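See below for run_32.cif, which holds mmCIF, C-alpha atoms, pLDDT in the B column; chains and numbers go by the auth columns.
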data_target
#
loop_
_atom_site.group_PDB
_atom_site.id
_atom_site.type_symbol
_atom_site.label_atom_id
_atom_site.label_comp_id
_atom_site.label_asym_id
_atom_site.label_seq_id
_atom_site.Cartn_x
_atom_site.Cartn_y
_atom_site.Cartn_z
_atom_site.B_iso_or_equiv
_atom_site.auth_seq_id
_atom_site.auth_asym_id
ATOM 1 C CA MET A 1 0.000 0.000 0.000 52.00 5 U
ATOM 2 C CA ALA A 2 1.441 3.325 -1.062 58.00 6 U
ATOM 3 C CA ARG A 3 2.278 5.727 1.713 62.00 7 U
ATOM 4 C CA LYS A 4 0.226 8.894 1.684 61.00 8 U
ATOM 5 C CA LYS A 5 2.337 11.936 1.026 59.00 9 U
ATOM 6 C CA VAL A 6 2.149 14.781 3.513 54.00 10 U
ATOM 7 C CA ARG A 7 1.741 18.165 1.959 63.00 11 U
ATOM 8 C CA PRO A 8 4.532 20.675 2.702 65.00 12 U
ATOM 9 C CA ARG A 9 1.947 23.227 3.767 77.00 13 U
ATOM 10 C CA LEU A 10 0.680 20.982 6.534 79.00 14 U
ATOM 11 C CA ILE A 11 4.217 20.422 7.813 80.00 15 U
ATOM 12 C CA ALA A 12 4.893 24.165 7.789 82.00 16 U
ATOM 13 C CA GLU A 13 1.635 24.841 9.635 83.00 17 U
ATOM 14 C CA LEU A 14 2.474 22.198 12.245 84.00 18 U
ATOM 15 C CA ALA A 15 5.938 23.700 12.718 83.00 19 U
ATOM 16 C CA ARG A 16 4.416 27.168 13.145 85.00 20 U
ATOM 17 C CA ARG A 17 2.057 25.883 15.830 87.00 21 U
ATOM 18 C CA VAL A 18 4.902 24.139 17.642 84.00 22 U
ATOM 19 C CA ARG A 19 6.947 27.354 17.631 85.00 23 U
ATOM 20 C CA ALA A 20 3.980 29.363 18.901 83.00 24 U
ATOM 21 C CA LEU A 21 3.353 26.866 21.690 83.00 25 U
ATOM 22 C CA ARG A 22 7.019 26.907 22.651 83.00 26 U
ATOM 23 C CA GLU A 23 7.065 30.714 22.734 80.00 27 U
ATOM 24 C CA GLN A 24 3.937 30.726 24.883 73.00 28 U
ATOM 25 C CA ARG A 25 5.508 28.332 27.376 77.00 29 U
ATOM 26 C CA GLU A 26 8.748 30.291 27.538 75.00 30 U
ATOM 27 C CA ARG A 27 6.978 33.630 27.878 77.00 31 U
ATOM 28 C CA PRO A 28 7.471 35.076 31.387 78.00 32 U
ATOM 29 C CA ARG A 29 4.396 35.191 33.581 78.00 33 U
ATOM 30 C CA ASP A 30 2.960 38.374 35.042 75.00 34 U
ATOM 31 C CA SER A 31 4.426 37.527 38.437 76.00 35 U
ATOM 32 C CA GLN A 32 7.886 37.495 36.809 77.00 36 U
ATOM 33 C CA ARG A 33 7.461 40.504 34.538 80.00 37 U
ATOM 34 C CA TYR A 34 5.948 42.829 37.148 79.00 38 U
ATOM 35 C CA SER A 35 7.672 41.628 40.305 81.00 39 U
ATOM 36 C CA LEU A 36 9.165 44.528 42.232 83.00 40 U
ATOM 37 C CA ASP A 37 12.019 44.939 44.670 84.00 41 U
ATOM 38 C CA TYR A 38 10.551 47.395 47.166 82.00 42 U
ATOM 39 C CA GLU A 39 13.972 48.340 48.536 84.00 43 U
ATOM 40 C CA THR A 40 15.502 49.465 45.245 86.00 44 U
ATOM 41 C CA LEU A 41 12.143 50.015 43.439 84.00 45 U
ATOM 42 C CA THR A 42 13.450 48.036 40.490 87.00 46 U
ATOM 43 C CA ARG A 43 11.821 45.260 38.496 85.00 47 U
ATOM 44 C CA PRO A 44 14.221 42.272 38.599 83.00 48 U
ATOM 45 C CA HIS A 45 13.036 40.842 35.271 80.00 49 U
ATOM 46 C CA SER A 46 13.746 43.931 33.169 82.00 50 U
ATOM 47 C CA GLY A 47 16.185 45.713 35.481 83.00 51 U
ATOM 48 C CA ARG A 48 14.270 48.966 35.078 85.00 52 U
ATOM 49 C CA ARG A 49 13.685 51.295 37.965 86.00 53 U
ATOM 50 C CA LEU A 50 10.296 52.900 38.522 84.00 54 U
ATOM 51 C CA PRO A 51 9.971 56.637 37.838 83.00 55 U
ATOM 52 C CA VAL A 52 10.400 58.952 40.811 83.00 56 U
ATOM 53 C CA ARG A 53 6.790 60.124 40.744 80.00 57 U
ATOM 54 C CA ALA A 54 5.610 56.534 41.339 81.00 58 U
ATOM 55 C CA TRP A 55 7.665 55.901 44.471 83.00 59 U
ATOM 56 C CA ALA A 56 5.106 57.322 46.908 82.00 60 U
ATOM 57 C CA ASP A 57 2.224 55.336 45.381 81.00 61 U
ATOM 58 C CA VAL A 58 4.228 52.107 45.423 84.00 62 U
ATOM 59 C CA ARG A 59 4.678 52.381 49.189 82.00 63 U
ATOM 60 C CA ARG A 60 1.106 53.494 49.983 83.00 64 U
ATOM 61 C CA GLU A 61 -1.217 52.126 47.294 84.00 65 U
ATOM 62 C CA SER A 62 -1.969 48.624 45.977 85.00 66 U
ATOM 63 C CA ARG A 63 -2.123 46.885 42.651 87.00 67 U
ATOM 64 C CA LEU A 64 -5.491 45.690 41.410 90.00 68 U
ATOM 65 C CA LEU A 65 -4.884 42.002 42.107 89.00 69 U
ATOM 66 C CA GLN A 66 -3.589 42.837 45.573 88.00 70 U
ATOM 67 C CA LEU A 67 -7.004 44.305 46.378 90.00 71 U
ATOM 68 C CA LEU A 68 -8.991 41.535 44.728 90.00 72 U
ATOM 69 C CA GLY A 69 -7.012 38.736 46.362 87.00 73 U
ATOM 70 C CA ARG A 70 -8.483 39.681 49.748 86.00 74 U
ATOM 71 C CA LEU A 71 -12.097 39.436 48.556 90.00 75 U
ATOM 72 C CA PRO A 72 -14.369 36.409 48.068 90.00 76 U
ATOM 73 C CA PHE A 73 -14.393 35.239 44.438 90.00 77 U
ATOM 74 C CA PHE A 74 -11.752 37.894 43.717 90.00 78 U
ATOM 75 C CA GLY A 75 -14.338 40.660 43.945 90.00 79 U
ATOM 76 C CA LEU A 76 -16.517 39.735 40.955 92.00 80 U
ATOM 77 C CA GLY A 77 -19.224 42.349 40.507 92.00 81 U
ATOM 78 C CA ARG A 78 -17.454 44.974 42.612 93.00 82 U
ATOM 79 C CA LEU A 79 -16.450 48.464 41.521 94.00 83 U
ATOM 80 C CA VAL A 80 -12.813 49.529 41.290 94.00 84 U
ATOM 81 C CA THR A 81 -11.376 52.901 40.372 93.00 85 U
ATOM 82 C CA ARG A 82 -7.991 54.601 40.303 91.00 86 U
ATOM 83 C CA LYS A 83 -6.580 57.328 42.494 89.00 87 U
ATOM 84 C CA SER A 84 -5.521 59.309 39.435 86.00 88 U
ATOM 85 C CA TRP A 85 -9.135 59.320 38.200 88.00 89 U
ATOM 86 C CA LEU A 86 -10.406 60.520 41.566 87.00 90 U
ATOM 87 C CA TRP A 87 -7.968 63.421 41.504 86.00 91 U
ATOM 88 C CA ARG A 88 -8.500 64.515 37.899 83.00 92 U
ATOM 89 C CA HIS A 89 -12.222 64.054 37.318 82.00 93 U
ATOM 90 C CA ASP A 90 -15.302 65.078 39.264 79.00 94 U
ATOM 91 C CA GLU A 91 -17.417 62.552 37.385 82.00 95 U
ATOM 92 C CA PRO A 92 -17.214 58.933 38.595 86.00 96 U
ATOM 93 C CA CYS A 93 -14.949 56.718 36.471 88.00 97 U
ATOM 94 C CA TYR A 94 -14.786 53.049 37.377 91.00 98 U
ATOM 95 C CA TRP A 95 -14.675 49.421 36.249 93.00 99 U
ATOM 96 C CA ARG A 96 -17.276 46.810 37.190 93.00 100 U
ATOM 97 C CA LEU A 97 -15.460 43.492 37.422 94.00 101 U
ATOM 98 C CA THR A 98 -16.807 40.609 35.367 94.00 102 U
ATOM 99 C CA ARG A 99 -13.867 38.175 35.291 93.00 103 U
ATOM 100 C CA VAL A 100 -10.576 37.704 37.116 92.00 104 U
ATOM 101 C CA ARG A 101 -7.755 35.337 36.199 90.00 105 U
ATOM 102 C CA PRO A 102 -5.016 35.407 38.846 88.00 106 U
ATOM 103 C CA ASP A 103 -1.522 34.138 38.248 84.00 107 U
ATOM 104 C CA TYR A 104 -1.429 31.071 40.487 83.00 108 U
ATOM 105 C CA THR A 105 2.360 30.949 40.326 80.00 109 U
ATOM 106 C CA ALA A 106 2.542 34.219 42.269 80.00 110 U
ATOM 107 C CA GLN A 107 3.278 33.825 45.950 78.00 111 U
ATOM 108 C CA ASN A 108 0.296 35.826 47.219 80.00 112 U
ATOM 109 C CA LEU A 109 -1.890 35.650 44.082 82.00 113 U
ATOM 110 C CA ASP A 110 -1.257 39.370 43.643 82.00 114 U
ATOM 111 C CA HIS A 111 -0.649 39.210 39.897 85.00 115 U
ATOM 112 C CA GLY A 112 -2.908 38.331 37.001 88.00 116 U
ATOM 113 C CA LYS A 113 -5.480 39.770 34.636 89.00 117 U
ATOM 114 C CA ALA A 114 -8.987 41.121 35.069 92.00 118 U
ATOM 115 C CA TRP A 115 -11.885 42.045 32.802 94.00 119 U
ATOM 116 C CA GLY A 116 -14.718 44.455 33.383 93.00 120 U
ATOM 117 C CA ILE A 117 -17.165 47.006 31.993 92.00 121 U
ATOM 118 C CA LEU A 118 -15.815 50.548 31.910 90.00 122 U
ATOM 119 C CA THR A 119 -17.794 53.633 32.864 88.00 123 U
ATOM 120 C CA PHE A 120 -15.875 56.765 31.983 83.00 124 U
ATOM 121 C CA LYS A 121 -18.156 59.762 32.382 69.00 125 U
ATOM 122 C CA VAL A 122 -15.726 62.437 31.294 55.00 126 U
ATOM 123 C CA ILE A 123 -16.619 61.981 27.637 52.00 127 U
ATOM 124 C CA SER A 124 -20.384 62.025 28.046 53.00 128 U
ATOM 125 C CA PRO A 125 -22.326 61.774 31.311 50.00 129 U
ATOM 126 C CA GLY A 126 -23.522 58.253 31.874 54.00 130 U
ATOM 127 C CA LYS A 127 -21.392 56.597 29.192 73.00 131 U
ATOM 128 C CA THR A 128 -20.913 52.903 29.946 77.00 132 U
ATOM 129 C CA GLU A 129 -19.367 50.522 27.465 81.00 133 U
ATOM 130 C CA GLY A 130 -21.628 47.749 26.272 79.00 134 U
ATOM 131 C CA GLU A 131 -19.252 44.810 26.626 86.00 135 U
ATOM 132 C CA ALA A 132 -16.519 43.734 28.979 89.00 136 U
ATOM 133 C CA ARG A 133 -12.857 43.994 28.025 89.00 137 U
ATOM 134 C CA GLU A 134 -9.489 43.460 29.641 91.00 138 U
ATOM 135 C CA ILE A 135 -8.488 46.028 32.234 90.00 139 U
ATOM 136 C CA GLU A 136 -5.216 47.728 31.458 87.00 140 U
ATOM 137 C CA GLN A 137 -2.448 48.757 33.848 86.00 141 U
ATOM 138 C CA THR A 138 -3.449 46.331 36.587 87.00 142 U
ATOM 139 C CA MET A 139 0.150 46.386 37.811 85.00 143 U
ATOM 140 C CA TYR A 140 0.008 50.096 38.692 86.00 144 U
ATOM 141 C CA HIS A 141 -0.066 50.999 42.379 87.00 145 U
ATOM 142 C CA ASP A 142 -3.048 53.358 42.363 88.00 146 U
ATOM 143 C CA TRP A 143 -6.144 51.153 42.425 92.00 147 U
ATOM 144 C CA ARG A 144 -8.977 51.749 44.877 92.00 148 U
ATOM 145 C CA LEU A 145 -11.882 49.472 45.795 92.00 149 U
ATOM 146 C CA VAL A 146 -15.243 51.196 46.165 92.00 150 U
ATOM 147 C CA PRO A 147 -16.903 49.991 49.410 92.00 151 U
ATOM 148 C CA ARG A 148 -20.144 48.126 48.888 91.00 152 U
ATOM 149 C CA HIS A 149 -22.218 50.583 50.922 92.00 153 U
ATOM 150 C CA GLU A 150 -20.831 53.547 48.940 91.00 154 U
ATOM 151 C CA GLU A 151 -21.383 52.195 45.427 90.00 155 U
ATOM 152 C CA GLU A 152 -24.781 53.811 44.928 89.00 156 U
ATOM 153 C CA ALA A 153 -23.559 57.229 46.041 88.00 157 U
ATOM 154 C CA PHE A 154 -20.349 56.861 44.044 88.00 158 U
ATOM 155 C CA THR A 155 -22.099 56.035 40.760 87.00 159 U
ATOM 156 C CA ALA A 156 -24.795 58.706 41.171 83.00 160 U
ATOM 157 C CA PHE A 157 -23.924 61.786 39.162 74.00 161 U
ATOM 158 C CA LYS A 158 -25.987 64.708 37.890 70.00 162 U
ATOM 159 C CA PRO A 159 -24.327 66.536 35.002 64.00 163 U
ATOM 160 C CA VAL A 160 -24.021 70.280 35.250 60.00 164 U
ATOM 161 C CA PRO A 161 -26.286 72.004 32.681 61.00 165 U
ATOM 162 C CA GLU A 162 -24.262 73.400 29.841 58.00 166 U
ATOM 163 C CA ASP A 163 -24.176 77.113 29.189 56.00 167 U
ATOM 164 C CA THR A 164 -26.648 78.194 26.517 59.00 168 U
ATOM 165 C CA LEU A 165 -24.263 80.857 25.214 58.00 169 U
ATOM 166 C CA ARG A 166 -22.870 79.411 21.993 71.00 170 U
ATOM 167 C CA SER A 167 -21.349 82.417 20.197 79.00 171 U
ATOM 168 C CA VAL A 168 -19.926 85.838 21.057 82.00 172 U
ATOM 169 C CA PRO A 169 -18.721 88.768 18.943 87.00 173 U
ATOM 170 C CA TYR A 170 -15.104 88.820 17.836 88.00 174 U
ATOM 171 C CA PRO A 171 -12.654 91.245 19.455 89.00 175 U
ATOM 172 C CA PRO A 172 -12.439 94.557 17.596 89.00 176 U
ATOM 173 C CA LEU A 173 -9.125 93.839 15.869 91.00 177 U
ATOM 174 C CA LEU A 174 -10.179 90.377 14.651 90.00 178 U
ATOM 175 C CA ARG A 175 -13.570 91.768 13.597 89.00 179 U
ATOM 176 C CA ALA A 176 -11.856 94.444 11.497 90.00 180 U
ATOM 177 C CA MET A 177 -9.582 91.847 9.900 91.00 181 U
ATOM 178 C CA ILE A 178 -12.537 89.597 8.999 89.00 182 U
ATOM 179 C CA LEU A 179 -14.504 92.502 7.505 89.00 183 U
ATOM 180 C CA ALA A 180 -11.443 93.588 5.523 90.00 184 U
ATOM 181 C CA GLU A 181 -11.005 90.040 4.201 90.00 185 U
ATOM 182 C CA ARG A 182 -14.653 89.998 3.141 89.00 186 U
ATOM 183 C CA GLN A 183 -14.276 93.304 1.315 88.00 187 U
ATOM 184 C CA LYS A 184 -11.124 92.067 -0.393 89.00 188 U
ATOM 185 C CA ASN A 185 -12.936 88.942 -1.628 89.00 189 U
ATOM 186 C CA GLY A 186 -15.917 90.943 -2.856 87.00 190 U
ATOM 187 C CA ASP A 187 -18.289 89.672 -0.176 86.00 191 U
ATOM 188 C CA THR A 188 -21.063 92.213 0.386 82.00 192 U
ATOM 189 C CA SER A 189 -22.800 90.439 3.277 82.00 193 U
ATOM 190 C CA THR A 190 -23.603 92.543 6.326 81.00 194 U
ATOM 191 C CA GLU A 191 -23.762 89.618 8.747 85.00 195 U
ATOM 192 C CA GLU A 192 -21.887 90.275 11.961 87.00 196 U
ATOM 193 C CA PRO A 193 -18.987 87.787 12.431 87.00 197 U
ATOM 194 C CA MET A 194 -19.466 85.689 15.557 86.00 198 U
ATOM 195 C CA LEU A 195 -17.063 83.426 17.424 83.00 199 U
ATOM 196 C CA ASN A 196 -18.480 79.937 17.970 79.00 200 U
ATOM 197 C CA LEU A 197 -18.037 78.636 21.517 73.00 201 U
ATOM 198 C CA GLY A 198 -19.307 75.116 20.893 65.00 202 U
ATOM 199 C CA ARG A 199 -17.205 72.525 22.686 59.00 203 U
ATOM 200 C CA ILE A 200 -15.715 69.620 20.769 59.00 204 U
ATOM 201 C CA ARG A 201 -15.726 66.412 22.785 56.00 205 U
ATOM 202 C CA ILE A 202 -12.551 64.391 22.495 56.00 206 U
ATOM 203 C CA ASP A 203 -11.241 61.438 24.429 56.00 207 U
ATOM 204 C CA PRO A 204 -9.213 62.606 27.439 60.00 208 U
ATOM 205 C CA TRP A 205 -5.582 61.586 27.509 54.00 209 U
ATOM 206 C CA ASP A 206 -6.120 59.136 30.370 61.00 210 U
ATOM 207 C CA TYR A 207 -9.081 57.333 28.780 68.00 211 U
ATOM 208 C CA PRO A 208 -8.300 53.587 28.697 73.00 212 U
ATOM 209 C CA VAL A 209 -7.736 52.700 25.052 67.00 213 U
ATOM 210 C CA LYS A 210 -8.795 49.264 23.877 60.00 214 U
ATOM 211 C CA LEU A 211 -6.007 46.745 23.464 53.00 215 U
ATOM 212 C CA GLU A 212 -7.050 46.020 19.877 53.00 216 U
ATOM 213 C CA ALA A 213 -6.504 49.641 18.888 60.00 217 U
ATOM 214 C CA LYS A 214 -3.076 49.670 20.521 57.00 218 U
ATOM 215 C CA ARG A 215 -2.056 46.522 18.680 53.00 219 U
ATOM 216 C CA LYS A 216 -3.076 48.054 15.352 55.00 220 U
ATOM 217 C CA THR A 217 -1.004 51.167 15.960 55.00 221 U
ATOM 218 C CA ARG A 218 2.042 49.362 17.284 54.00 222 U
ATOM 219 C CA GLY A 219 1.999 46.559 14.727 49.00 223 U
ATOM 220 C CA THR A 220 2.775 42.897 15.185 41.00 224 U
ATOM 221 C CA PRO A 221 5.459 42.283 17.824 42.00 225 U
ATOM 222 C CA VAL A 222 8.570 40.527 16.570 35.00 226 U
#
Will you turn the file into structure tokens for me?
Amino acid sequence: MARKKVRPRLIAELARRVRALREQRERPRDSQRYSLDYETLTRPHSGRRLPVRAWADVRRESRLLQLLGRLPFFGLGRLVTRKSWLWRHDEPCYWRLTRVRPDYTAQNLDHGKAWGILTFKVISPGKTEGEAREIEQTMYHDWRLVPRHEEEAFTAFKPVPEDTLRSVPYPPLLRAMILAERQKNGDTSTEEPMLNLGRIRIDPWDYPVKLEAKRKTRGTPV
């Protein structure tokens, strides 16, 4: 009976899967990548030292998994926020936890990944994302757990009514320049030039960007 020939494409695909599996096994875990020497404030895996502005938070605050490791079921359904959000924004910004996957190789289960639904009310009051996604920067030392009895008061927010004034007259010098430009272009309109004060909503610089968008901008890692 003739032996069935194996296509080269199948062999190449099998080799690619073996390489990917080997890379996944050799990839350092979160407990190795983000471990920290609290005396020198240096990460042993990369040898990098934390920036000076993070030293105070490292000694006083906790990482996300450090907070969740003390709770039943790792705090599923609870609200977590960040100290930086509390300082910068009056509107409540928080994550509602939907899934937690701790790194069981960590000594105190204080490393891992978490997923949740983001509510970031700086962009538009009451904006809550429709689906859960992975929470970024879980290794940062500025996470806060919202107490259960304060969740209702924390999430309650009444937006301030926006000012109805949308346009104002230009300053005299700019008004004269606009009228002169009209006359130069042959525009005979007598409409008074007005400065529009409408606000343009943009994502704030600290808005958590989705991981998919970051991967597209950075490209495929080598």
Check your understanding: So which residues get picked by the PyMOL selection byres ((chain U and resi 141) around 12) here, written as a PyMOL selection string?
Key -> chain U and resi 34+38+67-69+85-86+115-119+138-140+142-147+210-215
**Study point:** Output check: residues returned by the PyMOL selection byres ((chain U and resi 49) around 7), as a ChimeraX atom specification
**Key:** /U:36-37,47-48,50-51
**Study point:** Selection result for the PyMOL selection byres ((chain U and resi 158) around 12) on this file, as a VMD selection string
**Key:** chain U and resid 83 to 85 90 94 to 98 123 149 to 157 159 to 162
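Every residue within 10 Å of the file position (13.9, 52.1, 39.3), judged by all atoms listed in the file, is given as Leu40, Asp41, Tyr42, Glu43, Thr44, Leu45, Thr46, Arg47, Pro48, Gly51, Arg52, Arg53, Leu54, Pro55, Val56, Ala58 and Trp59 of chain U.
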Let me see the file: selected residues, C-alpha atoms, as a PDB file, in the coordinates of the input.
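Writing the result to selection.pdb gives the following:
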ATOM      1  CA  LEU U  40       9.165  44.528  42.232  1.00 83.00           C
ATOM      2  CA  ASP U  41      12.019  44.939  44.670  1.00 84.00           C
ATOM      3  CA  TYR U  42      10.551  47.395  47.166  1.00 82.00           C
ATOM      4  CA  GLU U  43      13.972  48.340  48.536  1.00 84.00           C
ATOM      5  CA  THR U  44      15.502  49.465  45.245  1.00 86.00           C
ATOM      6  CA  LEU U  45      12.143  50.015  43.439  1.00 84.00           C
ATOM      7  CA  THR U  46      13.450  48.036  40.490  1.00 87.00           C
ATOM      8  CA  ARG U  47      11.821  45.260  38.496  1.00 85.00           C
ATOM      9  CA  PRO U  48      14.221  42.272  38.599  1.00 83.00           C
ATOM     10  CA  GLY U  51      16.185  45.713  35.481  1.00 83.00           C
ATOM     11  CA  ARG U  52      14.270  48.966  35.078  1.00 85.00           C
ATOM     12  CA  ARG U  53      13.685  51.295  37.965  1.00 86.00           C
ATOM     13  CA  LEU U  54      10.296  52.900  38.522  1.00 84.00           C
ATOM     14  CA  PRO U  55       9.971  56.637  37.838  1.00 83.00           C
ATOM     15  CA  VAL U  56      10.400  58.952  40.811  1.00 83.00           C
ATOM     16  CA  ALA U  58       5.610  56.534  41.339  1.00 81.00           C
ATOM     17  CA  TRP U  59       7.665  55.901  44.471  1.00 83.00           C
TER      18      TRP U  59
END
Revision key, fill the gap. Counting only C-alpha atoms, closest pick from U:Leu178, U:Pro76, U:Ala136, U:Ser35 relative to U:Gln111 is U:Ser35
**Study point:** Residue neighbourhood U:Leu101, 7 Å, all atoms listed in the file, exclusion window fewer than 4 positions, as a ChimeraX atom specification
**Key:** /U:80-83,119-121
Check your understanding: What is the atom CA of U:Val172-atom CA of U:Leu199 distance in Å, reported with one decimal?
Key -> 5.2 Å
Exercise for review: Rank U:Arg92, U:Arg26, U:Gln187, U:Glu196 by their smallest atom-to-atom distance to U:Tyr174, using all atoms listed in the file, and report the top residue only.
Suggested key: U:Glu196
Review point. How many Å lie between atom CA of U:Val104 and atom CA of U:Glu30, rounded to one decimal?
Key: 22.8 Å
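Between U:Arg105 and the residues U:Pro175, U:Leu72, U:Leu122, U:Trp89, the shortest atom-to-atom distance, using all atoms listed in the file, involves U:Leu72.
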Review point. Atom CA of U:Phe77 and atom CA of U:Arg137 are how many Å apart?
Key: 18.7 Å
